[in-house]
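Trainee: My structure is stored as start.cif, with mmCIF, C-alpha atoms.
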data_data
loop_
_atom_site.label_atom_id
_atom_site.label_comp_id
_atom_site.auth_asym_id
_atom_site.auth_seq_id
_atom_site.Cartn_x
_atom_site.Cartn_y
_atom_site.Cartn_z
CA MET A 1 26.80 22.66 24.59
CA PRO A 2 30.11 21.27 25.83
CA ALA A 3 32.30 19.91 23.03
CA ASP A 4 34.23 17.32 25.02
CA ARG A 5 32.64 14.04 26.03
CA LEU A 6 33.43 14.24 29.75
CA SER A 7 31.83 17.70 29.99
CA ALA A 8 28.77 16.39 28.11
CA THR A 9 28.51 13.48 30.59
CA PHE A 10 28.74 15.72 33.67
CA ALA A 11 26.29 18.26 32.14
CA ALA A 12 23.79 15.46 31.45
CA LEU A 13 24.06 14.29 35.08
CA ALA A 14 23.52 17.83 36.44
CA ASP A 15 19.75 17.44 36.61
CA PRO A 16 17.64 15.37 39.06
CA THR A 17 15.09 14.35 36.40
CA ARG A 18 17.80 13.03 34.09
CA ARG A 19 19.43 11.14 36.96
CA ALA A 20 16.02 9.66 37.88
CA ILE A 21 15.53 8.55 34.25
CA LEU A 22 18.92 6.76 34.32
CA ALA A 23 18.05 5.13 37.67
CA ARG A 24 14.75 3.93 36.24
CA LEU A 25 16.43 2.44 33.14
CA ALA A 26 19.07 0.79 35.36
CA ALA A 27 16.29 -0.83 37.42
CA SER A 28 13.91 -1.86 34.65
CA GLY A 29 15.94 -2.16 31.44
CA GLU A 30 14.18 -0.81 28.33
CA ALA A 31 11.31 1.66 28.67
CA SER A 32 9.19 3.82 26.38
CA VAL A 33 9.17 7.62 26.57
CA MET A 34 5.59 7.40 27.90
CA ALA A 35 6.61 4.99 30.68
CA LEU A 36 9.64 7.14 31.58
CA ALA A 37 7.52 10.31 31.68
CA ALA A 38 4.82 8.78 33.94
CA PRO A 39 6.44 9.46 37.39
CA PHE A 40 7.22 13.11 36.60
CA GLU A 41 4.87 16.08 36.74
CA MET A 42 6.12 17.15 33.35
CA THR A 43 4.86 17.42 29.80
CA LEU A 44 5.96 14.77 27.31
CA PRO A 45 7.99 17.36 25.30
CA ALA A 46 9.84 18.36 28.50
CA VAL A 47 10.74 14.72 29.17
CA SER A 48 11.72 14.26 25.49
CA LYS A 49 14.12 17.19 25.84
CA HIS A 50 15.82 15.50 28.81
CA LEU A 51 16.04 12.25 26.83
CA LYS A 52 17.73 14.11 23.95
CA VAL A 53 20.38 15.49 26.34
CA LEU A 54 20.99 11.96 27.67
CA GLU A 55 21.09 10.54 24.13
CA ARG A 56 23.58 13.18 22.90
CA ALA A 57 25.80 12.41 25.90
CA GLY A 58 25.69 8.73 24.90
CA LEU A 59 24.01 7.75 28.19
CA ILE A 60 20.93 6.27 26.58
CA ALA A 61 20.39 4.53 23.27
CA ARG A 62 17.03 4.32 21.53
CA GLY A 63 15.52 1.43 19.61
CA ARG A 64 14.92 1.69 15.87
CA GLU A 65 11.25 0.60 15.93
CA ALA A 66 9.28 3.36 14.17
CA GLN A 67 6.54 3.86 16.80
CA TRP A 68 7.83 2.71 20.17
CA ARG A 69 11.60 3.56 20.12
CA PRO A 70 12.40 2.14 23.59
CA CYS A 71 15.19 3.78 25.61
CA ARG A 72 17.94 1.80 27.31
CA LEU A 73 20.85 2.80 29.53
CA ASP A 74 24.36 3.01 28.05
CA ALA A 75 26.62 3.31 31.10
CA ALA A 76 29.96 3.42 29.23
CA PRO A 77 30.44 7.24 29.56
CA LEU A 78 29.88 6.96 33.34
CA LYS A 79 33.13 4.98 33.62
CA ASP A 80 35.16 8.00 32.40
CA ALA A 81 33.34 10.24 34.89
CA ALA A 82 34.06 7.78 37.73
CA ASP A 83 37.71 7.47 36.62
CA TRP A 84 38.07 11.26 36.68
CA LEU A 85 36.57 11.48 40.20
CA GLU A 86 38.79 8.63 41.45
CA HIS A 87 41.84 10.96 41.27
CA TYR A 88 40.25 13.03 44.06
CA ARG A 89 39.40 10.16 46.42
CA ARG A 90 42.46 10.82 48.61
CA PHE A 91 41.32 14.44 49.09
CA TRP A 92 37.77 13.67 50.25
CA GLU A 93 39.04 10.83 52.46
CA GLU A 94 41.47 13.29 54.08
CA SER A 95 38.73 15.83 54.74
CA LEU A 96 36.45 13.15 56.23
CA ALA A 97 39.32 11.99 58.45
CA ARG A 98 39.87 15.58 59.64
CA LEU A 99 36.15 15.91 60.42
CA GLU A 100 36.22 12.63 62.41
CA ASP A 101 39.25 13.82 64.38
CA TYR A 102 37.45 17.06 65.18
CA LEU A 103 34.27 15.25 66.32
CA ARG A 104 36.32 12.83 68.43
CA GLU A 105 38.07 15.79 70.04
CA LEU A 106 34.71 17.42 70.87
CA GLN A 107 33.43 14.14 72.36
CA THR A 108 36.56 13.64 74.51
CA LYS A 109 36.15 17.11 75.92
CA GLY A 110 32.48 16.38 76.74
CA PRO A 111 29.74 18.95 77.37
CA GLU A 112 31.90 20.84 79.88
CA ASN A 113 34.97 22.28 78.21
CA GLY A 114 38.11 20.40 79.17
CA ARG A 115 36.31 17.83 81.39
CA LYS A 116 38.11 14.47 81.70
CA ASN A 117 36.14 11.17 81.89
CA MET B 1 21.21 27.17 38.56
CA PRO B 2 20.51 23.71 39.94
CA ALA B 3 19.00 23.76 43.45
CA ASP B 4 20.25 20.40 44.67
CA ARG B 5 23.85 19.90 45.68
CA LEU B 6 24.57 16.87 43.49
CA SER B 7 23.34 18.74 40.40
CA ALA B 8 25.50 21.74 41.36
CA THR B 9 28.53 19.44 41.68
CA PHE B 10 27.98 17.79 38.29
CA ALA B 11 27.28 21.18 36.63
CA ALA B 12 30.52 22.59 38.07
CA LEU B 13 32.45 19.61 36.66
CA ALA B 14 30.90 20.01 33.18
CA ASP B 15 33.63 22.35 31.98
CA PRO B 16 37.27 21.55 31.07
CA THR B 17 38.63 24.82 32.53
CA ARG B 18 36.94 24.19 35.87
CA ARG B 19 38.24 20.59 35.95
CA ALA B 20 41.74 21.90 35.12
CA ILE B 21 41.50 24.40 38.01
CA LEU B 22 40.57 21.57 40.42
CA ALA B 23 43.45 19.43 39.08
CA ARG B 24 45.83 22.32 39.62
CA LEU B 25 44.65 22.87 43.21
CA ALA B 26 44.91 19.12 43.89
CA ALA B 27 48.52 19.16 42.68
CA SER B 28 49.73 22.39 44.27
CA GLY B 29 47.47 23.12 47.24
CA GLU B 30 46.56 26.82 47.64
CA ALA B 31 46.84 29.19 44.70
CA SER B 32 45.89 32.78 43.93
CA VAL B 33 43.39 33.69 41.19
CA MET B 34 46.33 35.15 39.19
CA ALA B 35 48.30 31.90 39.44
CA LEU B 36 45.24 29.83 38.51
CA ALA B 37 44.49 32.06 35.51
CA ALA B 38 48.05 31.94 34.13
CA PRO B 39 47.82 28.67 32.10
CA PHE B 40 44.55 29.68 30.39
CA GLU B 41 44.10 31.99 27.42
CA MET B 42 41.35 33.74 29.28
CA THR B 43 40.67 37.09 30.89
CA LEU B 44 40.87 37.34 34.67
CA PRO B 45 37.08 38.04 34.92
CA ALA B 46 36.38 34.86 32.89
CA VAL B 47 38.52 32.80 35.28
CA SER B 48 36.87 34.52 38.28
CA LYS B 49 33.49 33.45 36.92
CA HIS B 50 34.61 29.82 36.81
CA LEU B 51 35.96 30.13 40.37
CA LYS B 52 32.58 31.46 41.53
CA VAL B 53 30.82 28.39 40.04
CA LEU B 54 33.30 26.11 41.84
CA GLU B 55 32.90 28.06 45.08
CA ARG B 56 29.09 27.95 44.98
CA ALA B 57 29.29 24.18 44.40
CA GLY B 58 31.49 23.94 47.51
CA LEU B 59 34.42 22.55 45.49
CA ILE B 60 36.80 25.34 46.40
CA ALA B 61 37.13 27.49 49.48
CA ARG B 62 38.78 30.90 49.49
CA GLY B 63 41.00 32.48 52.12
CA ARG B 64 39.87 35.50 54.10
CA GLU B 65 42.95 37.65 53.47
CA ALA B 66 41.72 40.92 51.95
CA GLN B 67 44.10 41.10 48.97
CA TRP B 68 45.27 37.62 48.09
CA ARG B 69 42.26 35.34 48.89
CA PRO B 70 43.97 32.04 47.99
CA CYS B 71 41.81 29.21 46.61
CA ARG B 72 42.01 25.66 47.88
CA LEU B 73 40.29 22.44 46.86
CA ASP B 74 37.36 21.13 48.93
CA ALA B 75 36.82 17.60 47.62
CA ALA B 76 33.92 16.63 49.94
CA PRO B 77 31.16 17.11 47.31
CA LEU B 78 33.08 14.85 44.90
CA LYS B 79 32.43 11.91 47.25
CA ASP B 80 28.66 12.20 46.69
CA ALA B 81 29.21 12.33 42.92
CA ALA B 82 31.45 9.24 43.06
CA ASP B 83 28.92 7.43 45.30
CA TRP B 84 26.15 8.17 42.81
CA LEU B 85 28.24 6.86 39.89
CA GLU B 86 29.21 3.73 41.84
CA HIS B 87 25.63 2.42 41.48
CA TYR B 88 26.25 2.16 37.73
CA ARG B 89 29.60 0.33 37.87
CA ARG B 90 27.99 -3.05 37.13
CA PHE B 91 26.44 -1.62 33.95
CA TRP B 92 29.64 -0.21 32.46
CA GLU B 93 31.55 -3.35 33.44
CA GLU B 94 28.93 -5.43 31.63
CA SER B 95 29.17 -3.34 28.48
CA LEU B 96 33.00 -3.53 28.54
CA ALA B 97 32.75 -7.33 28.95
CA ARG B 98 30.39 -7.52 25.95
CA LEU B 99 32.83 -5.45 23.88
CA GLU B 100 35.73 -7.74 24.86
CA ASP B 101 33.68 -10.82 23.91
CA TYR B 102 32.92 -9.28 20.55
CA LEU B 103 36.59 -8.40 19.88
CA ARG B 104 37.67 -11.91 20.92
CA GLU B 105 35.12 -13.37 18.54
CA LEU B 106 36.44 -11.22 15.67
CA GLN B 107 40.02 -12.30 16.48
CA THR B 108 39.11 -16.02 16.60
CA LYS B 109 37.50 -15.78 13.18
CA GLY B 110 40.65 -14.07 11.80
CA PRO B 111 40.84 -12.04 8.58
CA GLU B 112 39.08 -14.75 6.54
CA ASN B 113 35.58 -15.34 7.80
CA GLY B 114 35.30 -18.61 9.71
CA ARG B 115 38.99 -19.57 9.28
CA LYS B 116 40.32 -21.87 12.03
CA ASN B 117 43.95 -21.59 13.33
#
Just give me the structure of the file as structure tokens.
Mentor:
Amino acid sequence: MPADRLSATFAALADPTRRAILARLAASGEASVMALAAPFEMTLPAVSKHLKVLERAGLIARGREAQWRPCRLDAAPLKDAADWLEHYRRFWEESLARLEDYLRELQTKGPENGRKN
Amino acid sequence: MPADRLSATFAALADPTRRAILARLAASGEASVMALAAPFEMTLPAVSKHLKVLERAGLIARGREAQWRPCRLDAAPLKDAADWLEHYRRFWEESLARLEDYLRELQTKGPENGRKN
């Protein structure tokens, strides 16, 4: 289990089921464990395990009601993850620009190598 | 090992050493495994293991030279991670706004409950 919060956030996001749970909570607000489990071909304990990972990472909070304990999204840790990624924006924009240049070069050349339009 | 690319990206980022390696490559461009390992109190095989995780996630590429095999950053997968997080911006901005409202309320009340300035 990663000790630092940013690692815990990224680890929690490294699973498609957990990301789908967050997407669902973002769309619908509060939901019960039963309601969250419904779209997945998964046992309730398996879904509960994913919810625990999300809860430990601070990405969901759970209600205090004894029976129902609804889950809701807590997006605050996602800001730190987005801030970390933002430092690398210039690098992915550069590599996309290089790819575009390359594709443009291919297009200019046309199907026959070196052909001019 | 996560099968989907976005999960592989997030999993690779869920470790402070791996994030430090990416930061180093972003700052200095190409670097050898030896140079990357130097700042960490870690064996060379341990650092190599981290590099393999980053390489499998497509976050670093390695040169073809037989001996030196320099590593360089490939930031393209980080764009998908940032795009995914972007959907949640509204939620973390809302929770920050709520926190600010709460702090402003505390400040208005002052140290004595209900005191007016």
Trainee: Near B:Ala57, counting only C-alpha atoms, which residues have an atom at most 10 Å away, once you skip same-chain residues fewer than 6 positions from it, shown as a ChimeraX atom specification?
Mentor: /B:2,4-13,51,74,77
Trainee: May I have the residues from that selection written out with C-alpha atoms, as a JSON list (two decimals), in the coordinates of the input?
Mentor:
[["chain", "number", "residue", "atom", "x", "y", "z"],
["B", 2, "PRO", "CA", 20.51, 23.71, 39.94],
["B", 4, "ASP", "CA", 20.25, 20.40, 44.67],
["B", 5, "ARG", "CA", 23.85, 19.90, 45.68],
["B", 6, "LEU", "CA", 24.57, 16.87, 43.49],
["B", 7, "SER", "CA", 23.34, 18.74, 40.40],
["B", 8, "ALA", "CA", 25.50, 21.74, 41.36],
["B", 9, "THR", "CA", 28.53, 19.44, 41.68],
["B", 10, "PHE", "CA", 27.98, 17.79, 38.29],
["B", 11, "ALA", "CA", 27.28, 21.18, 36.63],
["B", 12, "ALA", "CA", 30.52, 22.59, 38.07],
["B", 13, "LEU", "CA", 32.45, 19.61, 36.66],
["B", 51, "LEU", "CA", 35.96, 30.13, 40.37],
["B", 74, "ASP", "CA", 37.36, 21.13, 48.93],
["B", 77, "PRO", "CA", 31.16, 17.11, 47.31]]
Trainee: Take every atom of stretch 4-17 of chain A listed in the file, pad by 3 Å on each side, and give me the axis-aligned box centre and edge lengths in Å, one decimal, as lines of an AutoDock Vina configuration file.
Mentor:
center_x = 24.7
center_y = 15.9
center_z = 32.0
size_x = 25.1
size_y = 10.8
size_z = 20.0
Trainee: Please measure the separation of atom CA of A:Lys52 and atom CA of A:Val33, giving the value in Å to one decimal.
Mentor: 11.1 Å
Trainee: Assuming the chain letters and numbering stay as they are in my file, what does the PyMOL selection byres ((chain A) within 12 of (chain B)) actually select? List them as a PDB file with C-alpha atoms, in the coordinates of the input.
Mentor:
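This went into expr.pdb:
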ATOM      1  CA  MET A   1      26.800  22.660  24.590  1.00  0.00           C
ATOM      2  CA  PRO A   2      30.110  21.270  25.830  1.00  0.00           C
ATOM      3  CA  ALA A   3      32.300  19.910  23.030  1.00  0.00           C
ATOM      4  CA  ASP A   4      34.230  17.320  25.020  1.00  0.00           C
ATOM      5  CA  ARG A   5      32.640  14.040  26.030  1.00  0.00           C
ATOM      6  CA  LEU A   6      33.430  14.240  29.750  1.00  0.00           C
ATOM      7  CA  SER A   7      31.830  17.700  29.990  1.00  0.00           C
ATOM      8  CA  ALA A   8      28.770  16.390  28.110  1.00  0.00           C
ATOM      9  CA  THR A   9      28.510  13.480  30.590  1.00  0.00           C
ATOM     10  CA  PHE A  10      28.740  15.720  33.670  1.00  0.00           C
ATOM     11  CA  ALA A  11      26.290  18.260  32.140  1.00  0.00           C
ATOM     12  CA  ALA A  12      23.790  15.460  31.450  1.00  0.00           C
ATOM     13  CA  LEU A  13      24.060  14.290  35.080  1.00  0.00           C
ATOM     14  CA  ALA A  14      23.520  17.830  36.440  1.00  0.00           C
ATOM     15  CA  ASP A  15      19.750  17.440  36.610  1.00  0.00           C
ATOM     16  CA  PRO A  16      17.640  15.370  39.060  1.00  0.00           C
ATOM     17  CA  THR A  17      15.090  14.350  36.400  1.00  0.00           C
ATOM     18  CA  ARG A  18      17.800  13.030  34.090  1.00  0.00           C
ATOM     19  CA  ARG A  19      19.430  11.140  36.960  1.00  0.00           C
ATOM     20  CA  ALA A  20      16.020   9.660  37.880  1.00  0.00           C
ATOM     21  CA  LEU A  22      18.920   6.760  34.320  1.00  0.00           C
ATOM     22  CA  ALA A  23      18.050   5.130  37.670  1.00  0.00           C
ATOM     23  CA  ARG A  24      14.750   3.930  36.240  1.00  0.00           C
ATOM     24  CA  LEU A  25      16.430   2.440  33.140  1.00  0.00           C
ATOM     25  CA  ALA A  26      19.070   0.790  35.360  1.00  0.00           C
ATOM     26  CA  ALA A  27      16.290  -0.830  37.420  1.00  0.00           C
ATOM     27  CA  GLY A  29      15.940  -2.160  31.440  1.00  0.00           C
ATOM     28  CA  ALA A  57      25.800  12.410  25.900  1.00  0.00           C
ATOM     29  CA  LEU A  59      24.010   7.750  28.190  1.00  0.00           C
ATOM     30  CA  ARG A  72      17.940   1.800  27.310  1.00  0.00           C
ATOM     31  CA  LEU A  73      20.850   2.800  29.530  1.00  0.00           C
ATOM     32  CA  ASP A  74      24.360   3.010  28.050  1.00  0.00           C
ATOM     33  CA  ALA A  75      26.620   3.310  31.100  1.00  0.00           C
ATOM     34  CA  ALA A  76      29.960   3.420  29.230  1.00  0.00           C
ATOM     35  CA  PRO A  77      30.440   7.240  29.560  1.00  0.00           C
ATOM     36  CA  LEU A  78      29.880   6.960  33.340  1.00  0.00           C
ATOM     37  CA  LYS A  79      33.130   4.980  33.620  1.00  0.00           C
ATOM     38  CA  ASP A  80      35.160   8.000  32.400  1.00  0.00           C
ATOM     39  CA  ALA A  81      33.340  10.240  34.890  1.00  0.00           C
ATOM     40  CA  ALA A  82      34.060   7.780  37.730  1.00  0.00           C
ATOM     41  CA  ASP A  83      37.710   7.470  36.620  1.00  0.00           C
ATOM     42  CA  TRP A  84      38.070  11.260  36.680  1.00  0.00           C
ATOM     43  CA  LEU A  85      36.570  11.480  40.200  1.00  0.00           C
ATOM     44  CA  GLU A  86      38.790   8.630  41.450  1.00  0.00           C
ATOM     45  CA  HIS A  87      41.840  10.960  41.270  1.00  0.00           C
ATOM     46  CA  TYR A  88      40.250  13.030  44.060  1.00  0.00           C
ATOM     47  CA  ARG A  89      39.400  10.160  46.420  1.00  0.00           C
ATOM     48  CA  ARG A  90      42.460  10.820  48.610  1.00  0.00           C
ATOM     49  CA  PHE A  91      41.320  14.440  49.090  1.00  0.00           C
ATOM     50  CA  TRP A  92      37.770  13.670  50.250  1.00  0.00           C
ATOM     51  CA  GLU A  93      39.040  10.830  52.460  1.00  0.00           C
ATOM     52  CA  GLU A  94      41.470  13.290  54.080  1.00  0.00           C
ATOM     53  CA  SER A  95      38.730  15.830  54.740  1.00  0.00           C
ATOM     54  CA  LEU A  96      36.450  13.150  56.230  1.00  0.00           C
ATOM     55  CA  ALA A  97      39.320  11.990  58.450  1.00  0.00           C
ATOM     56  CA  ARG A  98      39.870  15.580  59.640  1.00  0.00           C
ATOM     57  CA  LEU A  99      36.150  15.910  60.420  1.00  0.00           C
TER      58      LEU A  99
END
Trainee: Report the distance between atom CA of A:Leu54 and atom CA of A:Ile21 in Å, rounded to one decimal place.
Mentor: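 Straight-line distance from atom CA of A:Leu54 to atom CA of A:Ile21 works out to 9.2 Å.
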Trainee: Would you compute the distance between atom CA of B:Asp101 and atom CA of A:Ser32? Give it in Å to one decimal.
Mentor: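 Atom CA of A:Ser32 lies 28.6 Å from atom CA of B:Asp101.
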Trainee: Hey, what comes out of the PyMOL selection byres ((chain A and resi 63) around 12) on this file? Could you write it as a CSV table (one decimal) with C-alpha atoms, in the coordinates of the input?
Mentor:
chain,number,residue,atom,x,y,z
A,30,GLU,CA,14.2,-0.8,28.3
A,31,ALA,CA,11.3,1.7,28.7
A,32,SER,CA,9.2,3.8,26.4
A,33,VAL,CA,9.2,7.6,26.6
A,55,GLU,CA,21.1,10.5,24.1
A,60,ILE,CA,20.9,6.3,26.6
A,61,ALA,CA,20.4,4.5,23.3
A,62,ARG,CA,17.0,4.3,21.5
A,64,ARG,CA,14.9,1.7,15.9
A,65,GLU,CA,11.2,0.6,15.9
A,66,ALA,CA,9.3,3.4,14.2
A,67,GLN,CA,6.5,3.9,16.8
A,68,TRP,CA,7.8,2.7,20.2
A,69,ARG,CA,11.6,3.6,20.1
A,70,PRO,CA,12.4,2.1,23.6
A,71,CYS,CA,15.2,3.8,25.6
A,72,ARG,CA,17.9,1.8,27.3
A,73,LEU,CA,20.8,2.8,29.5
Trainee: Could you please fill out stretch 89-105 of chain A with N, CA and C atoms and send it back as a PDB file, keeping the file's coordinate frame?
Mentor:
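Listing of rebuild-v2.pdb after writing:
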ATOM      1  N   ARG A  89      39.805  10.959  45.247  1.00  0.00           N
ATOM      2  CA  ARG A  89      39.400  10.160  46.420  1.00  0.00           C
ATOM      3  C   ARG A  89      40.230  10.516  47.658  1.00  0.00           C
ATOM      4  N   ARG A  90      41.559  10.535  47.494  1.00  0.00           N
ATOM      5  CA  ARG A  90      42.460  10.820  48.610  1.00  0.00           C
ATOM      6  C   ARG A  90      42.092  12.145  49.302  1.00  0.00           C
ATOM      7  N   PHE A  91      41.635  13.123  48.518  1.00  0.00           N
ATOM      8  CA  PHE A  91      41.320  14.440  49.090  1.00  0.00           C
ATOM      9  C   PHE A  91      40.043  14.392  49.933  1.00  0.00           C
ATOM     10  N   TRP A  92      38.981  13.692  49.423  1.00  0.00           N
ATOM     11  CA  TRP A  92      37.770  13.670  50.250  1.00  0.00           C
ATOM     12  C   TRP A  92      37.948  12.744  51.444  1.00  0.00           C
ATOM     13  N   GLU A  93      38.783  11.702  51.302  1.00  0.00           N
ATOM     14  CA  GLU A  93      39.040  10.830  52.460  1.00  0.00           C
ATOM     15  C   GLU A  93      39.802  11.600  53.544  1.00  0.00           C
ATOM     16  N   GLU A  94      40.735  12.454  53.117  1.00  0.00           N
ATOM     17  CA  GLU A  94      41.470  13.290  54.080  1.00  0.00           C
ATOM     18  C   GLU A  94      40.534  14.247  54.811  1.00  0.00           C
ATOM     19  N   SER A  95      39.583  14.852  54.051  1.00  0.00           N
ATOM     20  CA  SER A  95      38.730  15.830  54.740  1.00  0.00           C
ATOM     21  C   SER A  95      37.735  15.127  55.669  1.00  0.00           C
ATOM     22  N   LEU A  96      37.300  13.920  55.312  1.00  0.00           N
ATOM     23  CA  LEU A  96      36.450  13.150  56.230  1.00  0.00           C
ATOM     24  C   LEU A  96      37.220  12.759  57.480  1.00  0.00           C
ATOM     25  N   ALA A  97      38.482  12.380  57.299  1.00  0.00           N
ATOM     26  CA  ALA A  97      39.320  11.990  58.450  1.00  0.00           C
ATOM     27  C   ALA A  97      39.506  13.182  59.392  1.00  0.00           C
ATOM     28  N   ARG A  98      39.719  14.368  58.814  1.00  0.00           N
ATOM     29  CA  ARG A  98      39.870  15.580  59.640  1.00  0.00           C
ATOM     30  C   ARG A  98      38.599  15.862  60.423  1.00  0.00           C
ATOM     31  N   LEU A  99      37.443  15.682  59.768  1.00  0.00           N
ATOM     32  CA  LEU A  99      36.150  15.910  60.420  1.00  0.00           C
ATOM     33  C   LEU A  99      35.967  14.926  61.580  1.00  0.00           C
ATOM     34  N   GLU A 100      36.330  13.648  61.350  1.00  0.00           N
ATOM     35  CA  GLU A 100      36.220  12.630  62.410  1.00  0.00           C
ATOM     36  C   GLU A 100      37.110  12.987  63.606  1.00  0.00           C
ATOM     37  N   ASP A 101      38.332  13.412  63.308  1.00  0.00           N
ATOM     38  CA  ASP A 101      39.250  13.820  64.380  1.00  0.00           C
ATOM     39  C   ASP A 101      38.637  14.937  65.209  1.00  0.00           C
ATOM     40  N   TYR A 102      38.039  15.897  64.526  1.00  0.00           N
ATOM     41  CA  TYR A 102      37.450  17.060  65.180  1.00  0.00           C
ATOM     42  C   TYR A 102      36.292  16.623  66.077  1.00  0.00           C
ATOM     43  N   LEU A 103      35.423  15.720  65.545  1.00  0.00           N
ATOM     44  CA  LEU A 103      34.270  15.250  66.320  1.00  0.00           C
ATOM     45  C   LEU A 103      34.724  14.447  67.528  1.00  0.00           C
ATOM     46  N   ARG A 104      35.778  13.637  67.338  1.00  0.00           N
ATOM     47  CA  ARG A 104      36.320  12.830  68.430  1.00  0.00           C
ATOM     48  C   ARG A 104      36.859  13.757  69.531  1.00  0.00           C
ATOM     49  N   GLU A 105      37.513  14.819  69.111  1.00  0.00           N
ATOM     50  CA  GLU A 105      38.070  15.790  70.040  1.00  0.00           C
ATOM     51  C   GLU A 105      36.952  16.456  70.867  1.00  0.00           C
TER      52      GLU A 105
END
